[in-house]
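Trainee: First the structure, which I've put down as structure tokens, then a few questions once you've had a look.
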Amino acid sequence: MNYVIGIDIGGTKINAALIDENGEIIQKEKIETEADKGKDVVLSNIEKVLHKLPLDKSIAIGVGTPGFIDSKNGIVTFAGNIEGWTGLNLKKEIEKFVDIPVFVENDANTALLCEKWVGAGKGYNNIVMITLGTGLGGAVYTDKMGLLEGSHFQGAELGHIIMYPNGRSCTCGQNGCAESYCSGSAIRRHYFELTGNNLNGDEIFKRVDVDSKAKEVLEAYEFNLANYLASIRNIFDPEVIIIGGGVINSKSIWWDGMIKNYKQICNKPNDVDIVPAKYLNDSGVIGAGRKAFDRSKDE
């Protein structure tokens, strides 16, 4: 049995794991990202967590990181969450302290690879995955072409589809992006606009039965997600749309309302399966591991 190491670089934690050929996690470690301290500290933390794992048993390392990724060369062409990450050849930097090949991929793509391999996407040939967290990530896969990258490594930035022209400002510099209406941070932002109170998404959703403004936020969120999914279905015509990310933990509150709206909005709502992701916190490391296995075969 061969093994690889998967690394998932998050905003607060770096998760790393030894993965076998069946997608099973054999050993898992984590460390603080310390993204606010810049790339040198983050790279040092990657080195620290890697050396907690059995590198001598591994044939390769896969890395999932936020940003626009030139996965062929392992270069981060743009990333706004870690100072100095933009333009970094992450592959070469990690290979300075390991003796096995390193392969780098966008983190939403690695989440999709995990779900396709061992999760909710198993058995499907055409998949769109969205990740609802602080932002809104996206990934597109077909058996014919693999992962969609685009000419500038931005081919599946599905959070930046314009939903409302001249709408809310987005971190990308545009106005009206889906991320500003469908992400976890959008829930907090909308409630703050209505009330002036700064609560997190869980706190807002817990108030929907006693707080009319919280209920208004929930209903708007369900409606916006439904419209967004209808557009995704019409653009990509996938077999399945997988929804992951941290907000999926509260799906018992908004999922049914989203699907009800979707069926009313979409012209052919039954042509596509819409399902929650199977893996959440582990999807990044498992998918990065799959990337390592796949790329190792090509080397």
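By order of appearance in the structure tokens: chains A, B, ..., then residues from 1 within every chain, and ligands from 1 in the order shown.
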Show me, as a ChimeraX atom specification, the residues that have an atom within 9 Å of segment 107-122 of chain A when counting only C-alpha atoms, minus same-chain residues fewer than 5 positions from it.

Mentor: /A:8-10,22-23,63-67,127-131,137-141,147-148,156,240-242,244,275-280,282-291

Trainee: When you look at Val76 of chain A with a cut-off of 9 Å (counting only C-alpha atoms), what residues show up, excluding the ones that are within fewer than 2 positions of it in the same chain? I need them as a list in words.

Mentor: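 The contact residues come out as Thr65, Pro66, Gly67, Phe68, Ile69, Asp70, Ser71, Gly74, Phe78, Ala79, Trp85, Thr86, Gly87, Leu88, Asn89, Leu90, Val104, Glu105 and Asn106 of chain A.
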
Trainee: If you run DSSP on the backbone, which residues of segment 26-261 of chain A are strand (DSSP E), as a count of residues only?

Mentor: 48

Trainee: Determine, counting only C-alpha atoms, which protein, DNA and RNA residues have an atom within 12 Å of an atom of Ala186 of chain A; residues of the same chain fewer than 3 positions away are not included. Present the result as number ranges by chain.

Mentor: A: 132-136, 159, 168-171, 176-183, 189-193, 198-201, 204, 217-218, 220-222, 224-225, 247

Trainee: Considering only C-alpha atoms, state which residue in the set A:Ala230, A:Leu55, A:Ile162, A:Ile253 is at the smallest distance from Lys206 of chain A.

Mentor: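 Checking each candidate against Lys206 of chain A, we get A:Ile253 as the closest.
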
Trainee: May I have all residues of segment 3-250 of chain A that DSSP, computed from the backbone, assigns to alpha helix (DSSP H), given as a count of residues only?

Mentor: 76

Trainee: Need the shell around segment 57-60 of chain A: protein/DNA/RNA residues with any atom at most 7 Å away, counting only C-alpha atoms. Skip same-chain ones fewer than 5 positions apart. Format as a count of residues only?

Mentor: 8

Trainee: Report as a PyMOL selection string all protein, DNA and RNA residues lying within 10 Å of Glu47 of chain A, evaluated on only C-alpha atoms, omitting residues in the same chain fewer than 2 positions from it.

Mentor: chain A and resi 41-45+49-52+93-98

Trainee: Quick check, in Å to one decimal: how far apart do atom CA of Val272 of chain A and atom CA of Ile187 of chain A lie?

Mentor: 26.0 Å

Trainee: So which residues touch Lys28 of chain A within 7 Å, counting only C-alpha atoms, skipping near sequence neighbours fewer than 4 positions away, as a list in words?

Mentor: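 Near neighbours after the sequence-gap exclusion: Ala16, Ala17 and Leu18 of chain A.
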
Trainee: Keeping N, CA, C and O atoms, export the residues of the selection given above as a compact mmCIF listing (two decimals), in the first residue's frame.

Mentor:
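The resulting file, selection_16.txt, is reproduced below:
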# COMPACT_ATOMS: atom_id res chain seq x y z
N ALA A 16 -3.02 18.48 8.37
CA ALA A 16 -2.17 17.60 7.57
C ALA A 16 -2.47 16.16 7.99
O ALA A 16 -2.77 15.88 9.15
N ALA A 17 -2.38 15.24 7.01
CA ALA A 17 -2.71 13.85 7.32
C ALA A 17 -1.99 12.90 6.39
O ALA A 17 -1.71 13.23 5.23
N LEU A 18 -1.71 11.72 6.91
CA LEU A 18 -1.21 10.61 6.11
C LEU A 18 -2.43 9.88 5.55
O LEU A 18 -3.32 9.48 6.30

Trainee: Grab the atom CA of Ser212 of chain A to atom CA of Ser185 of chain A distance for me, in Å with one decimal place.

Mentor: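 Calculated distance between atom CA of Ser212 of chain A and atom CA of Ser185 of chain A is 19.5 Å.
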
Trainee: Just how far from atom CA of Trp254 of chain A is atom CA of Ala214 of chain A, in Å to one decimal?

Mentor: 12.2 Å

Trainee: So, counting only C-alpha atoms, which residue among A:Leu229, A:Ile75, A:Asn2, A:Lys48 is closest to His152 of chain A?

Mentor: A:Ile75

Trainee: Env of Asn125 of chain A: 8 Å cut, atoms = only C-alpha atoms, seq-sep filter 3 positions within chain, self excluded. Answer as a list of chain:residue names.

Mentor: A:Tyr141, A:Thr142, A:Asp143, A:Glu239

Trainee: May I have the residues from that selection written out with N, CA and C atoms, as a JSON list (two decimals), in the first residue's frame?

Mentor:
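Once written, result-v7.json looks like this:
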[["chain", "number", "residue", "atom", "x", "y", "z"],
["A", 141, "TYR", "N", -15.84, 19.92, -12.14],
["A", 141, "TYR", "CA", -15.13, 18.72, -12.60],
["A", 141, "TYR", "C", -15.97, 17.97, -13.63],
["A", 142, "THR", "N", -15.33, 17.54, -14.71],
["A", 142, "THR", "CA", -15.94, 16.56, -15.61],
["A", 142, "THR", "C", -14.90, 15.49, -15.90],
["A", 143, "ASP", "N", -15.37, 14.30, -16.19],
["A", 143, "ASP", "CA", -14.45, 13.21, -16.50],
["A", 143, "ASP", "C", -13.63, 13.51, -17.75],
["A", 239, "GLU", "N", -24.36, 16.80, -13.26],
["A", 239, "GLU", "CA", -25.20, 15.74, -12.72],
["A", 239, "GLU", "C", -25.56, 16.02, -11.27]]
